[in-house]
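Remarks on the structure that follows.
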Amino acid sequence: MKMKIQFNSRTDVISKVLTNNERNRLINIISPPLSGKSQLVEECVLSIQNKPKSLPIKVKVSKILNNEFLSDFIREINIEFGLSLILPEEGILFSESLYSLLKQISPNDVRDIYVLIDDLDELGINETYSVLSHLRNLREKLTAKPLQINFCSICIGCWKPSELQSLCNNNFGSSFPLELFLSDYNFDEVKDLLNYYPILVSFGKKDDFKISYLLEISGGCFTIINYILMNCKDSLTCKIIRDKAYEISKKDFFFENLKKTLEALSDSSKKIIFQTLNNRIVKYENNICSEELIVSGIMKKKDLYGLKLLIIRSWIHEITIRNNKELCNIIGLDYILNDVNELIPPTPSLNKMAYELVLEIENTLRNFVVVYLASINNSEDHPLKMANELGKIREEWKNTTLYDELLFQKNKTINLHSDFIDAYSSISSFLNVKDLTNLILKDNVNKGLNNYFCPVFENSEDNARLFEKFRIIRNQIAHNNLITEKTIDELIEINKHIVKKLIIKL
């Protein structure tokens, strides 16, 4: 059978393991270093245990090579289901021995048996090939002489598919089917993972940006995520995430893993890392070099607008390499920028959250202004025609009212950009924060508005400071300054204050 190479999330892998209808399967899962292979095995075991008449059996690869696995297999089956399996004669092939044991099991007792082998590659590529050959022979025997029970072997490790394919070709054997490249954690998987840690408070939608930030800075790498969460005492904030992530970059085990991995790479792969660290974009190609980098765990594949790219696996992998001369020398870097204050860490989740809050606040205020003005004007005229004198008019535009100016701005936008943007907007969308503050807070009696807004947002120093703070934050965000979690907390408080003011008593 031809080897198939796929990229899957952890959730997808477990689903493929449990839902496939083939009776006899050999599944090989390739997962890079620090990706949580043992955690995946535990997740698979729990999922299998929830299936009726299903038995998961974990085994060390060394036990298969010396047939010690067979004794463990018999013991576990006998204890779990009260059976009395008999060990076959010594000296026969592993595949023959296991087939003989499987024949002794009734489908009334067990329907599905899963054997999970972790760290398959730890003994080297030749032993990996040997184990997989035994399992392939068993699968072929089960296919030729079917039993009433289903058998699935799941091998998890970190080996190069091309290297294994070469051994298959040299030994005139067929490929080992269904190679799965296991990708790192995604957002939903990180969110589920939080349930296992004691810090965890219930996360609402407004807190999702913290999980996004954790995912961004870790690149979805299980070891980084696990270290951060294990060292968060009683809360999860973006600052703690960042500090703990930087902390792991200085740990010996993380450094030694990167060093060992970088030293084992080919010159071509080292050159790609060199280019990436100089902020060049590297295209993913379906070749041995890309395969080596992905299996090594230094880089990963990213799909962006239909482009397939190779990127450094995480921000922490990147700064660990940048900040260590020994690692830089391995990939041939004479000089590379390593000033952490100038290297911008991941921030999209924070800025995105801040943008959403600003839009929510501004649009709440805009709608309040125009709807309230319309309700008190009681005419078919545009509500903003009431607001004539806010000191905003530019003399050179020769517009006599705020309404005229906003209409002018809208028409100007449509005329300038209608070829390439959807210029839908209300006139009120051109009200800036200063306009809104003037309409809501100022003494509007002299401006013909009869002070209608004062009962809702009283013209107090506290409210004035609140809106001024919002204006400053809003301008920072509009100019794409990098946002911190403190800014988001302030925006949430501003939003709460406005909502409370707008609540009416029934």
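Ordered as shown in the structure tokens, chains take letters A, B, and onward, while each chain numbers its residues from 1 and ligands are numbered from 1 in the order shown.
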
Residue contacts of A:Pro32 (12 Å, only C-alpha atoms) excluding same-chain residues fewer than 2 positions away, as JSON, numbers by chain: {"A": [29, 30, 34, 35, 36, 37, 38, 119, 121, 156, 157, 158, 159, 160, 180, 181, 182, 183, 184, 221, 222, 223, 257, 258, 261, 291, 292, 293, 294, 295, 296, 297, 298, 299, 300, 313]}

Please provide as a VMD selection string all residues within 10 Å of stretch 166-172 of chain A, with the sequence filter that same-chain residues fewer than 2 positions apart are discarded (counting only C-alpha atoms). chain A and resid 125 to 126 129 133 161 to 164 174 to 176

Please dump the current selection as an mmCIF file, in the first residue's frame; keep N, CA and C atoms.
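Contents of the output file selection18.cif:
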data_model
loop_
_atom_site.group_PDB
_atom_site.id
_atom_site.type_symbol
_atom_site.label_atom_id
_atom_site.label_comp_id
_atom_site.auth_asym_id
_atom_site.auth_seq_id
_atom_site.Cartn_x
_atom_site.Cartn_y
_atom_site.Cartn_z
ATOM 1 N N ILE A 125 16.112 3.823 13.308
ATOM 2 C CA ILE A 125 15.246 3.585 12.156
ATOM 3 C C ILE A 125 15.174 2.107 11.790
ATOM 4 N N ASN A 126 16.248 1.360 11.982
ATOM 5 C CA ASN A 126 16.234 -0.065 11.612
ATOM 6 C C ASN A 126 15.291 -0.865 12.511
ATOM 7 N N TYR A 129 11.732 -0.008 11.649
ATOM 8 C CA TYR A 129 11.312 -0.786 10.473
ATOM 9 C C TYR A 129 10.974 -2.221 10.874
ATOM 10 N N SER A 133 7.387 -3.960 10.488
ATOM 11 C CA SER A 133 7.302 -5.144 9.624
ATOM 12 C C SER A 133 6.521 -6.257 10.309
ATOM 13 N N PRO A 161 9.459 9.740 7.220
ATOM 14 C CA PRO A 161 8.765 8.829 6.312
ATOM 15 C C PRO A 161 9.626 8.428 5.111
ATOM 16 N N SER A 162 10.383 9.371 4.579
ATOM 17 C CA SER A 162 11.204 9.068 3.393
ATOM 18 C C SER A 162 12.291 8.053 3.730
ATOM 19 N N GLU A 163 12.864 8.167 4.932
ATOM 20 C CA GLU A 163 13.902 7.228 5.358
ATOM 21 C C GLU A 163 13.313 5.836 5.534
ATOM 22 N N LEU A 164 12.117 5.769 6.102
ATOM 23 C CA LEU A 164 11.437 4.491 6.279
ATOM 24 C C LEU A 164 11.044 3.909 4.922
ATOM 25 N N SER A 174 6.253 -3.608 1.074
ATOM 26 C CA SER A 174 5.307 -2.533 0.816
ATOM 27 C C SER A 174 5.441 -1.469 1.908
ATOM 28 N N SER A 175 4.954 -0.254 1.594
ATOM 29 C CA SER A 175 5.021 0.836 2.566
ATOM 30 C C SER A 175 4.073 0.573 3.728
ATOM 31 N N PHE A 176 4.324 1.271 4.831
ATOM 32 C CA PHE A 176 3.445 1.173 5.981
ATOM 33 C C PHE A 176 2.384 2.257 5.837
#

Nearest residue to A:Asp489 from the set A:Asn341, A:Ser249, A:Asn363, A:Thr237 (distances using only C-alpha atoms): A:Thr237

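Our summary of the geometry notes that atom CA of A:Ser100 is positioned 18.1 Å from atom CA of A:Val131.
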
Would you please give, as a ChimeraX atom specification, all residues of stretch 39-134 of chain A that DSSP assigns to helix (DSSP H, G or I) based on the backbone? /A:39-49,61-65,68-81,94-103,120-123,125-134

Write out the residues from the selection above, keeping C-alpha atoms, as a CSV table (one decimal), in the first residue's frame.
chain,number,residue,atom,x,y,z
A,39,GLN,CA,-0.3,13.1,26.3
A,40,LEU,CA,-1.8,12.0,22.9
A,41,VAL,CA,-1.4,8.4,23.9
A,42,GLU,CA,-3.3,9.0,27.1
A,43,GLU,CA,-6.1,10.9,25.2
A,44,CYS,CA,-6.4,7.9,22.9
A,45,VAL,CA,-6.5,5.5,25.8
A,46,LEU,CA,-9.3,7.4,27.5
A,47,SER,CA,-11.3,7.7,24.3
A,48,ILE,CA,-10.9,3.9,23.6
A,49,GLN,CA,-11.9,3.0,27.1
A,61,VAL,CA,8.7,-0.7,21.8
A,62,SER,CA,11.6,-2.7,23.4
A,63,LYS,CA,9.1,-5.3,24.7
A,64,ILE,CA,7.9,-6.1,21.2
A,65,LEU,CA,11.4,-6.8,20.0
A,68,GLU,CA,8.0,-9.6,26.4
A,69,PHE,CA,4.9,-7.8,25.1
A,70,LEU,CA,3.1,-11.1,24.7
A,71,SER,CA,3.2,-11.9,28.4
A,72,ASP,CA,1.9,-8.4,29.2
A,73,PHE,CA,-0.8,-8.8,26.6
A,74,ILE,CA,-2.0,-12.1,28.1
A,75,ARG,CA,-2.0,-10.7,31.7
A,76,GLU,CA,-3.9,-7.6,30.8
A,77,ILE,CA,-6.6,-9.4,28.7
A,78,ASN,CA,-7.0,-12.1,31.4
A,79,ILE,CA,-7.4,-9.5,34.2
A,80,GLU,CA,-9.6,-7.1,32.3
A,81,PHE,CA,-12.1,-9.7,30.9
A,94,PHE,CA,5.9,-12.4,16.8
A,95,SER,CA,3.1,-11.9,14.3
A,96,GLU,CA,2.2,-15.7,14.5
A,97,SER,CA,2.2,-15.6,18.3
A,98,LEU,CA,-0.1,-12.6,18.5
A,99,TYR,CA,-2.4,-14.0,15.9
A,100,SER,CA,-2.7,-17.2,17.9
A,101,LEU,CA,-3.6,-15.1,21.0
A,102,LEU,CA,-6.2,-13.1,19.1
A,103,LYS,CA,-7.9,-16.3,17.9
A,120,LEU,CA,8.6,3.9,18.4
A,121,ASP,CA,11.7,5.5,16.9
A,122,GLU,CA,13.8,5.6,20.1
A,123,LEU,CA,15.8,2.5,19.1
A,125,ILE,CA,15.2,3.6,12.2
A,126,ASN,CA,16.2,-0.1,11.6
A,127,GLU,CA,14.4,-1.3,14.7
A,128,THR,CA,11.5,1.0,13.8
A,129,TYR,CA,11.3,-0.8,10.5
A,130,SER,CA,11.6,-4.2,12.2
A,131,VAL,CA,8.6,-3.5,14.5
A,132,LEU,CA,6.5,-2.1,11.8
A,133,SER,CA,7.3,-5.1,9.6
A,134,HIS,CA,6.0,-7.5,12.4

According to DSSP computed on the backbone, where in stretch 239-351 of chain A is there strand (DSSP E or B)? Give the residues as a tab-separated table (two decimals) with C-alpha atoms, in the first residue's frame.
chain	number	residue	atom	x	y	z
A	282	VAL	CA	10.06	30.25	2.98
A	283	LYS	CA	7.65	28.28	0.81
A	299	MET	CA	9.57	24.39	11.92
A	300	LYS	CA	5.98	23.69	10.96
A	301	LYS	CA	3.71	24.08	7.97
A	302	LYS	CA	1.33	27.03	7.76
A	303	ASP	CA	-1.43	27.64	5.23
A	304	LEU	CA	-1.92	31.34	4.46
A	307	LEU	CA	0.06	29.63	0.20
A	308	LYS	CA	1.89	26.81	1.96
A	309	LEU	CA	4.72	28.18	4.09
A	310	LEU	CA	7.38	26.90	6.49
A	311	ILE	CA	7.61	28.91	9.71
A	312	ILE	CA	9.53	28.62	12.97

Atom pair atom CA of A:Lys410 / atom CA of A:Asn367: separation (Å): 17.1 Å

Which residues are near A:Ile477? Cut-off 12 Å, only C-alpha atoms, ignore same chain within fewer than 4 positions. Put them as an MDAnalysis selection string. chainID A and resid 348 350:359 470:473 481:484 487:488 491

Excluding same-chain residues fewer than 4 positions from A:Gln104, what lies within 10 Å of it counting only C-alpha atoms, as a PyMOL selection string? chain A and resi 83-86+99-100+147

Env of A:Cys289: 9 Å cut, atoms = only C-alpha atoms, seq-sep filter 5 positions within chain, self excluded. Answer as a PDB file with N, CA and C atoms, in the first residue's frame.
ATOM      1  N   SER A 266      20.352  18.630   8.044  1.00  0.00           N
ATOM      2  CA  SER A 266      21.209  18.766   6.866  1.00  0.00           C
ATOM      3  C   SER A 266      21.549  20.244   6.655  1.00  0.00           C
ATOM      4  N   SER A 268      21.055  21.985   4.030  1.00  0.00           N
ATOM      5  CA  SER A 268      19.940  22.651   3.344  1.00  0.00           C
ATOM      6  C   SER A 268      18.879  23.108   4.342  1.00  0.00           C
ATOM      7  N   SER A 269      18.600  22.259   5.330  1.00  0.00           N
ATOM      8  CA  SER A 269      17.610  22.620   6.347  1.00  0.00           C
ATOM      9  C   SER A 269      18.113  23.763   7.219  1.00  0.00           C
ATOM     10  N   ILE A 294       9.985  19.600   9.490  1.00  0.00           N
ATOM     11  CA  ILE A 294       8.732  19.402  10.225  1.00  0.00           C
ATOM     12  C   ILE A 294       8.885  18.299  11.267  1.00  0.00           C
TER      13      ILE A 294
END

Report, in Å to a single decimal, how far apart atom CA of A:Ile241 and atom CA of A:Thr347 are.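 Taking atom CA of A:Thr347 and atom CA of A:Ile241, their separation equals 12.2 Å.
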
Closest-contact table, stretch 170-228 of chain A side, partner stretch 243-248 of chain A, 9 Å, counting only C-alpha atoms, as CSV:
residue,atom,partner,partner_atom,distance
A:Leu214,CA,A:Ala245,CA,9.0
A:Ile217,CA,A:Ala245,CA,7.4
A:Ser218,CA,A:Ala245,CA,7.3
A:Ile224,CA,A:Ala245,CA,6.7
A:Ile225,CA,A:Ala245,CA,8.3
A:Tyr227,CA,A:Ile248,CA,7.3
A:Ile228,CA,A:Lys244,CA,5.4

Could you name the residues that touch stretch 333-338 of chain A at 10 Å or less, counting only C-alpha atoms, but leaving out those on the same chain fewer than 4 positions away, as a PyMOL selection string? chain A and resi 270-271+273-275+277-278+318-329+342-343

Could you save the residues just selected, with C-alpha atoms, as a PDB file, in the first residue's frame?
ATOM      1  CA  LYS A 270      19.978  24.827   8.355  1.00  0.00           C
ATOM      2  CA  LYS A 271      20.000  27.314   5.485  1.00  0.00           C
ATOM      3  CA  ILE A 273      16.250  28.254   9.287  1.00  0.00           C
ATOM      4  CA  PHE A 274      18.917  30.896   8.632  1.00  0.00           C
ATOM      5  CA  GLN A 275      16.692  32.570   6.032  1.00  0.00           C
ATOM      6  CA  LEU A 277      15.420  34.016  11.190  1.00  0.00           C
ATOM      7  CA  ASN A 278      16.302  36.870   8.846  1.00  0.00           C
ATOM      8  CA  GLU A 318      12.893  31.485  17.748  1.00  0.00           C
ATOM      9  CA  ILE A 319      14.171  33.594  20.651  1.00  0.00           C
ATOM     10  CA  THR A 320      15.946  30.581  22.178  1.00  0.00           C
ATOM     11  CA  ILE A 321      17.968  30.211  18.982  1.00  0.00           C
ATOM     12  CA  ARG A 322      18.482  33.973  18.580  1.00  0.00           C
ATOM     13  CA  ASN A 323      19.690  34.483  22.155  1.00  0.00           C
ATOM     14  CA  ASN A 324      22.220  31.650  22.174  1.00  0.00           C
ATOM     15  CA  LYS A 325      25.498  31.959  20.256  1.00  0.00           C
ATOM     16  CA  GLU A 326      26.070  28.201  20.320  1.00  0.00           C
ATOM     17  CA  LEU A 327      22.767  27.557  18.542  1.00  0.00           C
ATOM     18  CA  CYS A 328      23.369  30.407  16.088  1.00  0.00           C
ATOM     19  CA  ASN A 329      26.766  28.956  15.192  1.00  0.00           C
ATOM     20  CA  GLU A 342      13.056  45.120  19.401  1.00  0.00           C
ATOM     21  CA  LEU A 343      11.795  41.684  18.411  1.00  0.00           C
TER      22      LEU A 343
END
